[in-house]
file coords12.txt (compact mmCIF, C-alpha atoms and all ligand atoms)
# COMPACT_ATOMS: atom_id res chain seq x y z
CA MET A 1 0.00 0.00 0.00
CA THR A 2 1.38 3.44 -0.85
CA THR A 3 1.70 5.84 2.05
CA PRO A 4 -0.20 9.14 1.84
CA ILE A 5 2.13 12.11 1.34
CA LEU A 6 0.95 15.30 3.01
CA ARG A 7 2.34 18.64 1.87
CA ARG A 8 0.06 21.01 3.78
CA LEU A 9 -0.13 21.60 7.52
CA ASP A 10 -3.94 21.58 7.44
CA ASP A 11 -3.92 17.99 6.20
CA LEU A 12 -1.56 16.89 8.99
CA ARG A 13 -3.72 18.71 11.57
CA ALA A 14 -6.89 17.04 10.25
CA LEU A 15 -5.32 13.59 10.72
CA ARG A 16 -4.07 14.46 14.18
CA ARG A 17 -7.49 15.83 15.23
CA ASP A 18 -9.12 12.57 14.21
CA TRP A 19 -6.60 10.48 16.19
CA THR A 20 -6.86 12.76 19.24
CA ARG A 21 -10.65 12.42 19.18
CA LYS A 22 -10.24 8.64 19.37
CA GLY A 23 -7.62 8.92 22.14
CA GLU A 24 -4.88 7.47 19.88
CA THR A 25 -1.20 8.33 20.16
CA LEU A 26 1.14 9.67 17.49
CA GLY A 27 4.85 9.00 17.09
CA LEU A 28 6.87 11.40 14.95
CA VAL A 29 10.07 10.55 13.08
CA PRO A 30 11.61 13.80 11.82
CA THR A 31 14.07 13.35 8.93
CA MET A 32 15.61 15.20 6.03
CA GLY A 33 15.04 12.21 3.75
CA ALA A 34 17.71 10.08 2.03
CA LEU A 35 16.46 7.38 4.35
CA HIS A 36 18.69 4.51 5.43
CA ALA A 37 18.47 1.67 7.93
CA GLY A 38 19.12 4.12 10.78
CA HIS A 39 15.95 6.06 9.97
CA LEU A 40 14.01 2.84 9.47
CA SER A 41 15.01 1.70 12.98
CA LEU A 42 13.43 4.92 14.31
CA VAL A 43 10.26 4.09 12.37
CA GLU A 44 10.23 0.62 13.93
CA ALA A 45 10.65 2.10 17.42
CA ALA A 46 7.81 4.55 16.75
CA LYS A 47 5.54 1.80 15.39
CA ALA A 48 6.18 -0.30 18.50
CA ALA A 49 5.38 2.57 20.87
CA CYS A 50 2.54 4.52 19.25
CA ASP A 51 -0.86 3.92 17.60
CA HIS A 52 0.09 6.07 14.60
CA VAL A 53 3.37 7.12 13.00
CA VAL A 54 4.17 10.09 10.79
CA VAL A 55 7.60 10.43 9.15
CA THR A 56 8.56 13.96 8.17
CA ILE A 57 10.90 14.75 5.28
CA PHE A 58 12.08 18.34 5.08
CA VAL A 59 15.56 19.44 3.99
CA ASN A 60 15.72 22.37 6.37
CA PRO A 61 17.75 25.17 4.76
CA ARG A 62 18.19 26.97 8.09
CA GLN A 63 20.35 24.26 9.62
CA PHE A 64 22.96 24.20 6.83
CA ASN A 65 25.88 26.49 7.50
CA SER A 66 27.28 25.95 3.99
CA PRO A 67 25.26 26.62 0.81
CA GLU A 68 27.31 23.91 -0.92
CA ASP A 69 26.32 21.30 1.69
CA LEU A 70 22.65 22.29 1.25
CA ALA A 71 22.92 22.05 -2.54
CA ASN A 72 24.63 18.64 -2.34
CA TYR A 73 22.25 17.15 0.23
CA PRO A 74 20.57 14.11 -1.37
CA ARG A 75 16.87 14.54 -2.21
CA THR A 76 15.29 11.16 -2.83
CA GLU A 77 11.59 11.48 -2.01
CA HIS A 78 10.40 8.71 -4.33
CA ALA A 79 12.96 6.18 -3.05
CA ASP A 80 12.22 7.26 0.54
CA ALA A 81 8.51 6.59 0.08
CA GLU A 82 9.34 3.14 -1.34
CA LYS A 83 11.55 2.33 1.66
CA LEU A 84 8.78 3.36 4.05
CA ALA A 85 6.02 1.42 2.27
CA PRO A 86 6.61 -1.94 4.07
CA PHE A 87 6.39 -0.25 7.49
CA GLY A 88 2.80 0.90 7.10
CA VAL A 89 3.31 4.38 8.54
CA ASP A 90 0.17 6.52 8.49
CA ALA A 91 1.60 9.41 6.49
CA ILE A 92 4.76 11.06 5.22
CA TYR A 93 4.71 14.79 5.90
CA VAL A 94 6.76 16.54 3.21
CA PRO A 95 5.79 20.13 3.90
CA ASP A 96 6.01 22.70 1.13
CA PRO A 97 8.63 25.24 2.26
CA ASP A 98 5.96 27.89 3.02
CA GLN A 99 4.30 25.51 5.47
CA ILE A 100 7.41 25.75 7.66
CA TYR A 101 8.72 29.22 6.80
CA PRO A 102 5.83 31.31 5.48
CA GLU A 103 6.42 34.75 3.99
CA GLY A 104 7.70 37.08 6.72
CA TYR A 105 8.75 34.23 9.05
CA ALA A 106 10.76 35.85 11.86
CA THR A 107 11.17 33.44 14.78
CA THR A 108 14.29 31.50 15.75
CA VAL A 109 14.67 29.06 18.62
CA SER A 110 18.11 29.40 20.16
CA LEU A 111 19.63 27.49 23.07
CA SER A 112 22.64 28.21 25.25
CA GLY A 113 24.75 25.62 27.11
CA VAL A 114 24.41 22.36 25.24
CA THR A 115 24.88 24.10 21.86
CA GLU A 116 28.15 25.81 22.81
CA VAL A 117 30.54 22.91 22.17
CA MET A 118 31.42 20.53 19.31
CA GLU A 119 28.87 21.00 16.49
CA GLY A 120 27.88 24.44 17.82
CA PRO A 121 31.10 26.41 17.17
CA ASN A 122 31.99 24.28 14.13
CA ARG A 123 28.62 24.84 12.42
CA PRO A 124 27.44 28.36 13.27
CA GLY A 125 23.65 28.63 13.12
CA HIS A 126 23.17 24.86 12.78
CA PHE A 127 21.45 24.24 16.10
CA GLU A 128 19.25 27.34 15.79
CA GLY A 129 18.04 25.86 12.51
CA VAL A 130 17.51 22.41 14.03
CA ALA A 131 15.77 23.70 17.17
CA THR A 132 13.53 26.00 15.13
CA VAL A 133 12.38 23.38 12.63
CA VAL A 134 11.98 20.64 15.25
CA ALA A 135 9.95 22.95 17.52
CA LYS A 136 7.71 23.67 14.53
CA LEU A 137 7.33 19.99 13.64
CA PHE A 138 6.49 19.14 17.26
CA LEU A 139 3.87 21.89 17.45
CA GLN A 140 2.46 21.24 13.98
CA SER A 141 2.05 17.50 14.58
CA GLY A 142 1.03 17.53 18.25
CA ALA A 143 2.87 14.19 18.47
CA ASP A 144 3.09 12.35 21.79
CA GLN A 145 6.57 10.96 21.17
CA ALA A 146 9.40 11.79 18.77
CA PHE A 147 12.26 9.50 17.79
CA PHE A 148 15.86 10.60 17.10
CA GLY A 149 19.08 8.67 16.50
CA GLU A 150 21.93 8.76 18.99
CA LYS A 151 24.31 9.22 16.06
CA ASP A 152 23.51 12.93 16.41
CA TYR A 153 23.79 12.73 20.18
CA GLN A 154 24.28 16.47 20.69
CA GLN A 155 21.24 17.16 18.50
CA LEU A 156 19.25 14.73 20.66
CA MET A 157 20.27 16.66 23.78
CA VAL A 158 19.41 19.98 22.12
CA VAL A 159 15.97 18.74 21.10
CA LYS A 160 15.23 17.32 24.56
CA ARG A 161 16.29 20.58 26.23
CA MET A 162 14.25 22.67 23.77
CA ALA A 163 11.06 20.61 24.29
CA ARG A 164 11.48 20.81 28.07
CA ASP A 165 12.25 24.52 28.12
CA LEU A 166 9.30 25.39 25.87
CA ASP A 167 6.88 23.03 27.68
CA ILE A 168 6.08 21.19 24.45
CA PRO A 169 4.17 18.12 25.65
CA ILE A 170 6.18 15.50 23.80
CA GLU A 171 8.54 12.73 24.89
CA VAL A 172 11.82 12.76 22.97
CA ILE A 173 13.26 9.27 22.62
CA GLY A 174 16.85 8.49 21.62
CA CYS A 175 17.50 5.29 19.64
CA PRO A 176 20.85 3.50 19.17
CA THR A 177 23.02 4.31 16.16
CA VAL A 178 22.70 1.78 13.34
CA ARG A 179 26.04 0.77 11.83
CA GLU A 180 27.43 -0.97 8.78
CA VAL A 181 29.26 -4.26 9.42
CA SER A 182 32.53 -2.28 9.57
CA GLY A 183 31.11 -0.13 12.36
CA LEU A 184 30.60 2.93 10.11
CA ALA A 185 27.62 4.87 11.46
CA MET A 186 24.86 5.03 8.87
CA SER A 187 24.37 8.54 7.53
CA SER A 188 22.78 10.12 4.48
CA ARG A 189 26.15 11.79 3.87
CA ASN A 190 27.84 8.38 3.37
CA MET A 191 26.22 8.35 -0.10
CA ARG A 192 28.77 10.98 -1.12
CA LEU A 193 31.82 8.88 -0.15
CA SER A 194 33.82 6.98 -2.78
CA PRO A 195 34.04 3.18 -2.21
CA GLN A 196 37.65 3.66 -1.06
CA ALA A 197 36.60 6.37 1.41
CA VAL A 198 33.83 4.11 2.75
CA GLU A 199 36.49 1.54 3.56
CA ILE A 200 38.64 4.12 5.33
CA ALA A 201 35.65 5.56 7.22
CA GLY A 202 34.89 2.03 8.42
CA GLN A 203 38.09 2.10 10.46
CA VAL A 204 36.97 5.00 12.65
CA ASN A 205 34.49 3.16 14.84
CA PRO A 206 36.87 0.30 15.74
CA MET A 207 39.45 3.00 16.59
CA MET A 208 36.91 4.68 18.88
CA GLU A 209 36.01 1.37 20.54
CA ALA A 210 39.71 0.65 21.18
CA ALA A 211 40.07 4.12 22.73
CA ALA A 212 37.00 3.51 24.90
CA ALA A 213 38.48 0.23 26.15
CA ARG A 214 41.69 2.04 27.17
CA LEU A 215 39.69 4.73 28.99
CA ARG A 216 37.72 2.08 30.82
CA ALA A 217 41.03 0.52 31.86
CA GLY A 218 41.90 3.84 33.54
CA GLU A 219 44.21 5.52 30.99
CA ASP A 220 44.23 9.32 30.71
CA TYR A 221 42.40 10.78 27.76
CA ALA A 222 44.99 13.26 26.37
CA PRO A 223 47.50 10.74 24.93
CA ILE A 224 44.67 8.63 23.54
CA GLU A 225 43.26 11.66 21.72
CA ALA A 226 46.71 12.52 20.33
CA GLU A 227 47.08 8.98 18.97
CA MET A 228 43.64 9.07 17.39
CA ARG A 229 44.39 12.39 15.68
CA ALA A 230 47.61 10.93 14.27
CA SER A 231 45.83 7.77 13.08
CA LEU A 232 43.08 9.77 11.37
CA ALA A 233 45.70 11.88 9.57
CA ASP A 234 47.47 8.66 8.47
CA LEU A 235 44.18 7.31 7.13
CA GLY A 236 43.74 10.42 4.97
CA PHE A 237 41.27 12.52 6.97
CA SER A 238 41.92 16.10 5.89
CA ASP A 239 40.64 17.91 8.95
CA VAL A 240 39.73 16.71 12.42
CA GLU A 241 37.30 19.25 13.88
CA TYR A 242 37.10 17.62 17.29
CA ILE A 243 37.75 14.45 19.21
CA ASP A 244 36.20 14.92 22.63
CA LEU A 245 35.48 12.90 25.73
CA ARG A 246 32.37 14.44 27.27
CA SER A 247 29.92 13.81 30.06
CA THR A 248 26.74 12.05 28.96
CA GLU A 249 24.82 14.25 31.37
CA ASP A 250 25.75 17.79 30.24
CA LEU A 251 28.47 17.41 27.57
CA SER A 252 31.14 18.95 29.83
CA ALA A 253 34.71 18.01 28.80
CA MET A 254 36.46 15.21 30.70
CA THR A 255 40.12 14.26 31.00
CA ARG A 256 39.57 10.76 32.37
CA LEU A 257 36.65 8.46 32.79
CA ASP A 258 35.15 9.40 36.16
CA THR A 259 31.45 9.73 35.25
CA PRO A 260 29.41 8.23 32.37
CA ALA A 261 30.83 9.63 29.16
CA ARG A 262 30.72 9.52 25.39
CA LEU A 263 33.54 9.85 22.91
CA PHE A 264 32.76 12.19 19.99
CA ILE A 265 34.47 12.68 16.63
CA ALA A 266 33.95 15.05 13.70
CA ALA A 267 36.35 14.85 10.77
CA TRP A 268 36.47 15.38 7.01
CA LEU A 269 37.18 12.62 4.53
CA ASP A 270 36.92 12.88 0.76
CA GLY A 271 35.17 16.28 1.08
CA VAL A 272 32.50 14.80 3.38
CA ARG A 273 32.08 15.71 7.04
CA LEU A 274 31.63 12.60 9.16
CA ILE A 275 30.57 12.49 12.81
CA ASP A 276 30.25 9.64 15.26
CA ASN A 277 29.99 9.05 18.98
CA ILE A 278 29.95 6.04 21.28
CA ALA A 279 29.18 5.40 24.93
CA VAL A 280 32.34 4.91 26.97
O1 LIG B 301 18.69 14.80 12.01
C1 LIG B 301 18.08 15.30 11.05
O2 LIG B 301 17.83 14.66 10.04
C2 LIG B 301 17.64 16.75 11.14
O3 LIG B 301 18.56 17.51 11.86
C3 LIG B 301 16.24 16.93 11.72
C4 LIG B 301 16.16 16.46 13.15
C5 LIG B 301 15.23 16.16 10.88
C6 LIG B 301 15.83 18.40 11.69
O4 LIG B 301 15.84 18.91 10.39
call {"tool": "encode", "arguments": {"input": "coords12.txt", "output": "structure tokens", "more": "lines below"}}
Ligand code: PAF
result
Amino acid sequence: MTTPILRRLDDLRALRRDWTRKGETLGLVPTMGALHAGHLSLVEAAKAACDHVVVTIFVNPRQFNSPEDLANYPRTEHADAEKLAPFGVDAIYVPDPDQIYPEGYATTVSLSGVTEVMEGPNRPGHFEGVATVVAKLFLQSGADQAFFGEKDYQQLMVVKRMARDLDIPIEVIGCPTVREVSGLAMSSRNMRLSPQAVEIAGQVNPMMEAAAARLRAGEDYAPIEAEMRASLADLGFSDVEYIDLRSTEDLSAMTRLDTPARLFIAAWLDGVRLIDNIAV
């Protein structure tokens, strides 16, 4: 069965009103399309938890800090709809741009704290764009739960904080990162890697797991980070934006493993910016 595609907010609201009247719950899976197994795992989690599921596809111009990245972002609506068909979601919301940013749109959602490290300084304006569009999608859909991948762990924390701070009545649920056999975190950006670069990128996650094992064994973080930077350079990464050990709780920087932590990486390979993080 083909899934209905909704392009207007009124149509989404009409569906939601009907479900609310019947006391049925809605799970939202916000995406920018170019769906892969990671997104589909979010759909599965939403299906298991909620009576109805809506997947949103909107390539949000406000969260791209480079016009080139926005232009190159894959747009694959037809293939995305085909991938979603077996899951029986209720609708795919692919809003026309004016349904999100109508003429004269003037509001930005901006957060302090959790946005001030890692992706924040490296991608100016990115989290304002994410928080703004996600706040809109939450309010437009009136969903009960929303599902996000832990691959974008900082984004997950930003979205949780935003929903709490703005009293949006939605539960934000983080789902584990889905990986290729090599350990490479699935990402829509992987489509832009050459086969050789995919092989190289596959070495990053095992490197992170080895670092995590050393941290768990009590080693200091600084020399481990230095070794990882050197290894990434040897592999052909052109720029390492950050390798950070940070608290799971508030993303504060850590020098050794004394509270629950995650290890984060952002680096460029083959003209593509790759990020990953793992629990330590
Ligand atoms: O993670 C993404 O795909 C996007 O940042 C999101 C959450 C759909 C907002 O545009």
call {"tool": "residues_near_point", "arguments": {"input": "coords12.txt", "point": "(8.7, 3.9, 3.5)", "cutoff": "12 Å", "atoms": "only C-alpha atoms", "output": "PyMOL selection string"}}
result
chain A and resi 1-5+29+33-37+39-44+53-57+76-93
call {"tool": "residues_near_point", "arguments": {"input": "coords12.txt", "point": "(15.2, 8.3, 19.3)", "cutoff": "10 Å", "atoms": "only C-alpha atoms", "output": "number ranges by chain"}}
result
A: 28-30, 39, 41-43, 45-46, 145-153, 156, 171-177
call {"tool": "write_last_selection", "arguments": {"input": "coords12.txt", "atoms": "C-alpha atoms", "output": "compact mmCIF listing (two decimals), keeping the file's coordinate frame"}}
result
# COMPACT_ATOMS: atom_id res chain seq x y z
CA LEU A 28 6.87 11.40 14.95
CA VAL A 29 10.07 10.55 13.08
CA PRO A 30 11.61 13.80 11.82
CA HIS A 39 15.95 6.06 9.97
CA SER A 41 15.01 1.70 12.98
CA LEU A 42 13.43 4.92 14.31
CA VAL A 43 10.26 4.09 12.37
CA ALA A 45 10.65 2.10 17.42
CA ALA A 46 7.81 4.55 16.75
CA GLN A 145 6.57 10.96 21.17
CA ALA A 146 9.40 11.79 18.77
CA PHE A 147 12.26 9.50 17.79
CA PHE A 148 15.86 10.60 17.10
CA GLY A 149 19.08 8.67 16.50
CA GLU A 150 21.93 8.76 18.99
CA LYS A 151 24.31 9.22 16.06
CA ASP A 152 23.51 12.93 16.41
CA TYR A 153 23.79 12.73 20.18
CA LEU A 156 19.25 14.73 20.66
CA GLU A 171 8.54 12.73 24.89
CA VAL A 172 11.82 12.76 22.97
CA ILE A 173 13.26 9.27 22.62
CA GLY A 174 16.85 8.49 21.62
CA CYS A 175 17.50 5.29 19.64
CA PRO A 176 20.85 3.50 19.17
CA THR A 177 23.02 4.31 16.16
call {"tool": "closest_residue", "arguments": {"input": "coords12.txt", "among": "A:Gln140, A:Gln63, A:Ser112, A:Asn72", "to": "A:Leu9", "atoms": "all atoms listed in the file"}}
result
A:Gln140
call {"tool": "closest_atom_pairs", "arguments": {"input": "coords12.txt", "of": "chain A", "to": "ligand LIG 301 (chain B)", "cutoff": "6 Å", "atoms": "all atoms listed in the file", "output": "Markdown table"}}
result
| residue | atom | partner | partner_atom | distance |
| --- | --- | --- | --- | --- |
| A:Pro30 | CA | B:LIG301 | C5 | 4.4 |
| A:Thr31 | CA | B:LIG301 | C5 | 3.6 |
| A:Met32 | CA | B:LIG301 | O2 | 4.6 |
| A:Asn60 | CA | B:LIG301 | O4 | 5.3 |
| A:Val130 | CA | B:LIG301 | C6 | 4.9 |
| A:Val134 | CA | B:LIG301 | C6 | 5.7 |
call {"tool": "closest_residue", "arguments": {"input": "coords12.txt", "among": "A:Glu68, A:Leu251, A:Asp276, A:Asp258", "to": "A:Glu116", "atoms": "all atoms listed in the file"}}
result
A:Leu251
call {"tool": "atom_distance", "arguments": {"input": "coords12.txt", "atom1": "atom CA of A:Pro121", "atom2": "atom CA of A:Pro102"}}
result
28.3 Å
call {"tool": "atom_distance", "arguments": {"input": "coords12.txt", "atom1": "atom CA of A:Ala185", "atom2": "atom CA of A:Pro124"}}
result
23.6 Å
call {"tool": "atom_distance", "arguments": {"input": "coords12.txt", "atom1": "atom CA of A:Gly183", "atom2": "atom CA of A:Ala261"}}
result
19.4 Å
call {"tool": "closest_residue", "arguments": {"input": "coords12.txt", "among": "A:Met207, A:Ala197, A:Ala233, A:Leu26", "to": "A:Asp51", "atoms": "all atoms listed in the file"}}
result
A:Leu26
call {"tool": "residues_around", "arguments": {"input": "coords12.txt", "residues": "stretch 18-21 of chain A", "least_positions_apart": "3", "cutoff": "10 Å", "atoms": "all atoms listed in the file", "output": "count of residues only"}}
result
10
call {"tool": "closest_residue", "arguments": {"input": "coords12.txt", "among": "A:Gly23, A:Leu245, A:Leu263, A:Glu128", "to": "A:Cys50", "atoms": "all atoms listed in the file"}}
result
A:Gly23
call {"tool": "residues_around", "arguments": {"input": "coords12.txt", "residues": "A:Ile100", "least_positions_apart": "2", "cutoff": "12 Å", "atoms": "all atoms listed in the file", "output": "count of residues only"}}
result
32
call {"tool": "closest_residue", "arguments": {"input": "coords12.txt", "among": "A:Ala48, A:Val198, A:Met208, A:Ala213", "to": "A:Met228", "atoms": "all atoms listed in the file"}}
result
A:Met208
call {"tool": "closest_residue", "arguments": {"input": "coords12.txt", "among": "A:Gln203, A:Asp234, A:Asp167, A:Val280", "to": "A:Ser182", "atoms": "all atoms listed in the file"}}
result
A:Gln203
call {"tool": "decode", "arguments": {"input": "coords12.txt", "residues": "stretch 187-213 of chain A", "atoms": "N, CA and C atoms", "output": "mmCIF file, in the first residue's frame"}}
result
data_model
loop_
_atom_site.group_PDB
_atom_site.id
_atom_site.type_symbol
_atom_site.label_atom_id
_atom_site.label_comp_id
_atom_site.auth_asym_id
_atom_site.auth_seq_id
_atom_site.Cartn_x
_atom_site.Cartn_y
_atom_site.Cartn_z
ATOM 1 N N SER A 187 24.633 7.109 7.677
ATOM 2 C CA SER A 187 24.371 8.540 7.532
ATOM 3 C C SER A 187 24.035 8.819 6.080
ATOM 4 N N SER A 188 23.130 9.755 5.859
ATOM 5 C CA SER A 188 22.782 10.119 4.479
ATOM 6 C C SER A 188 24.008 10.652 3.747
ATOM 7 N N ARG A 189 24.945 11.226 4.498
ATOM 8 C CA ARG A 189 26.152 11.786 3.871
ATOM 9 C C ARG A 189 27.087 10.698 3.341
ATOM 10 N N ASN A 190 26.965 9.454 3.845
ATOM 11 C CA ASN A 190 27.843 8.380 3.369
ATOM 12 C C ASN A 190 27.680 8.150 1.870
ATOM 13 N N MET A 191 26.482 8.512 1.345
ATOM 14 C CA MET A 191 26.224 8.347 -0.098
ATOM 15 C C MET A 191 27.239 9.111 -0.944
ATOM 16 N N ARG A 192 27.843 10.136 -0.341
ATOM 17 C CA ARG A 192 28.769 10.976 -1.116
ATOM 18 C C ARG A 192 30.215 10.500 -1.008
ATOM 19 N N LEU A 193 30.453 9.403 -0.277
ATOM 20 C CA LEU A 193 31.820 8.876 -0.147
ATOM 21 C C LEU A 193 32.138 7.924 -1.293
ATOM 22 N N SER A 194 33.387 7.964 -1.776
ATOM 23 C CA SER A 194 33.824 6.982 -2.777
ATOM 24 C C SER A 194 33.933 5.620 -2.072
ATOM 25 N N PRO A 195 33.910 4.495 -2.850
ATOM 26 C CA PRO A 195 34.043 3.180 -2.212
ATOM 27 C C PRO A 195 35.311 3.080 -1.359
ATOM 28 N N GLN A 196 36.395 3.707 -1.830
ATOM 29 C CA GLN A 196 37.648 3.656 -1.061
ATOM 30 C C GLN A 196 37.495 4.423 0.268
ATOM 31 N N ALA A 197 36.808 5.575 0.198
ATOM 32 C CA ALA A 197 36.599 6.370 1.411
ATOM 33 C C ALA A 197 35.681 5.633 2.394
ATOM 34 N N VAL A 198 34.706 4.886 1.860
ATOM 35 C CA VAL A 198 33.825 4.112 2.749
ATOM 36 C C VAL A 198 34.666 3.124 3.554
ATOM 37 N N GLU A 199 35.635 2.513 2.870
ATOM 38 C CA GLU A 199 36.494 1.538 3.558
ATOM 39 C C GLU A 199 37.314 2.210 4.662
ATOM 40 N N ILE A 200 37.837 3.394 4.326
ATOM 41 C CA ILE A 200 38.641 4.123 5.329
ATOM 42 C C ILE A 200 37.744 4.549 6.498
ATOM 43 N N ALA A 201 36.566 5.080 6.166
ATOM 44 C CA ALA A 201 35.652 5.563 7.216
ATOM 45 C C ALA A 201 35.262 4.426 8.157
ATOM 46 N N GLY A 202 35.242 3.205 7.613
ATOM 47 C CA GLY A 202 34.887 2.034 8.424
ATOM 48 C C GLY A 202 35.903 1.734 9.517
ATOM 49 N N GLN A 203 37.069 2.369 9.436
ATOM 50 C CA GLN A 203 38.088 2.101 10.455
ATOM 51 C C GLN A 203 37.947 3.011 11.674
ATOM 52 N N VAL A 204 37.074 4.017 11.556
ATOM 53 C CA VAL A 204 36.971 5.000 12.646
ATOM 54 C C VAL A 204 36.301 4.404 13.877
ATOM 55 N N ASN A 205 35.201 3.681 13.671
ATOM 56 C CA ASN A 205 34.489 3.162 14.841
ATOM 57 C C ASN A 205 35.322 2.149 15.635
ATOM 58 N N PRO A 206 36.004 1.193 14.959
ATOM 59 C CA PRO A 206 36.873 0.303 15.739
ATOM 60 C C PRO A 206 37.951 1.080 16.510
ATOM 61 N N MET A 207 38.453 2.172 15.906
ATOM 62 C CA MET A 207 39.452 2.997 16.592
ATOM 63 C C MET A 207 38.834 3.626 17.862
ATOM 64 N N MET A 208 37.590 4.071 17.724
ATOM 65 C CA MET A 208 36.914 4.680 18.882
ATOM 66 C C MET A 208 36.667 3.636 19.967
ATOM 67 N N GLU A 209 36.272 2.426 19.555
ATOM 68 C CA GLU A 209 36.007 1.366 20.541
ATOM 69 C C GLU A 209 37.297 0.991 21.277
ATOM 70 N N ALA A 210 38.425 0.977 20.531
ATOM 71 C CA ALA A 210 39.708 0.652 21.175
ATOM 72 C C ALA A 210 40.058 1.745 22.192
ATOM 73 N N ALA A 211 39.802 3.009 21.813
ATOM 74 C CA ALA A 211 40.070 4.117 22.735
ATOM 75 C C ALA A 211 39.190 3.993 23.980
ATOM 76 N N ALA A 212 37.932 3.636 23.771
ATOM 77 C CA ALA A 212 37.004 3.509 24.905
ATOM 78 C C ALA A 212 37.486 2.422 25.861
ATOM 79 N N ALA A 213 37.999 1.326 25.291
ATOM 80 C CA ALA A 213 38.481 0.227 26.149
ATOM 81 C C ALA A 213 39.659 0.715 27.002
#
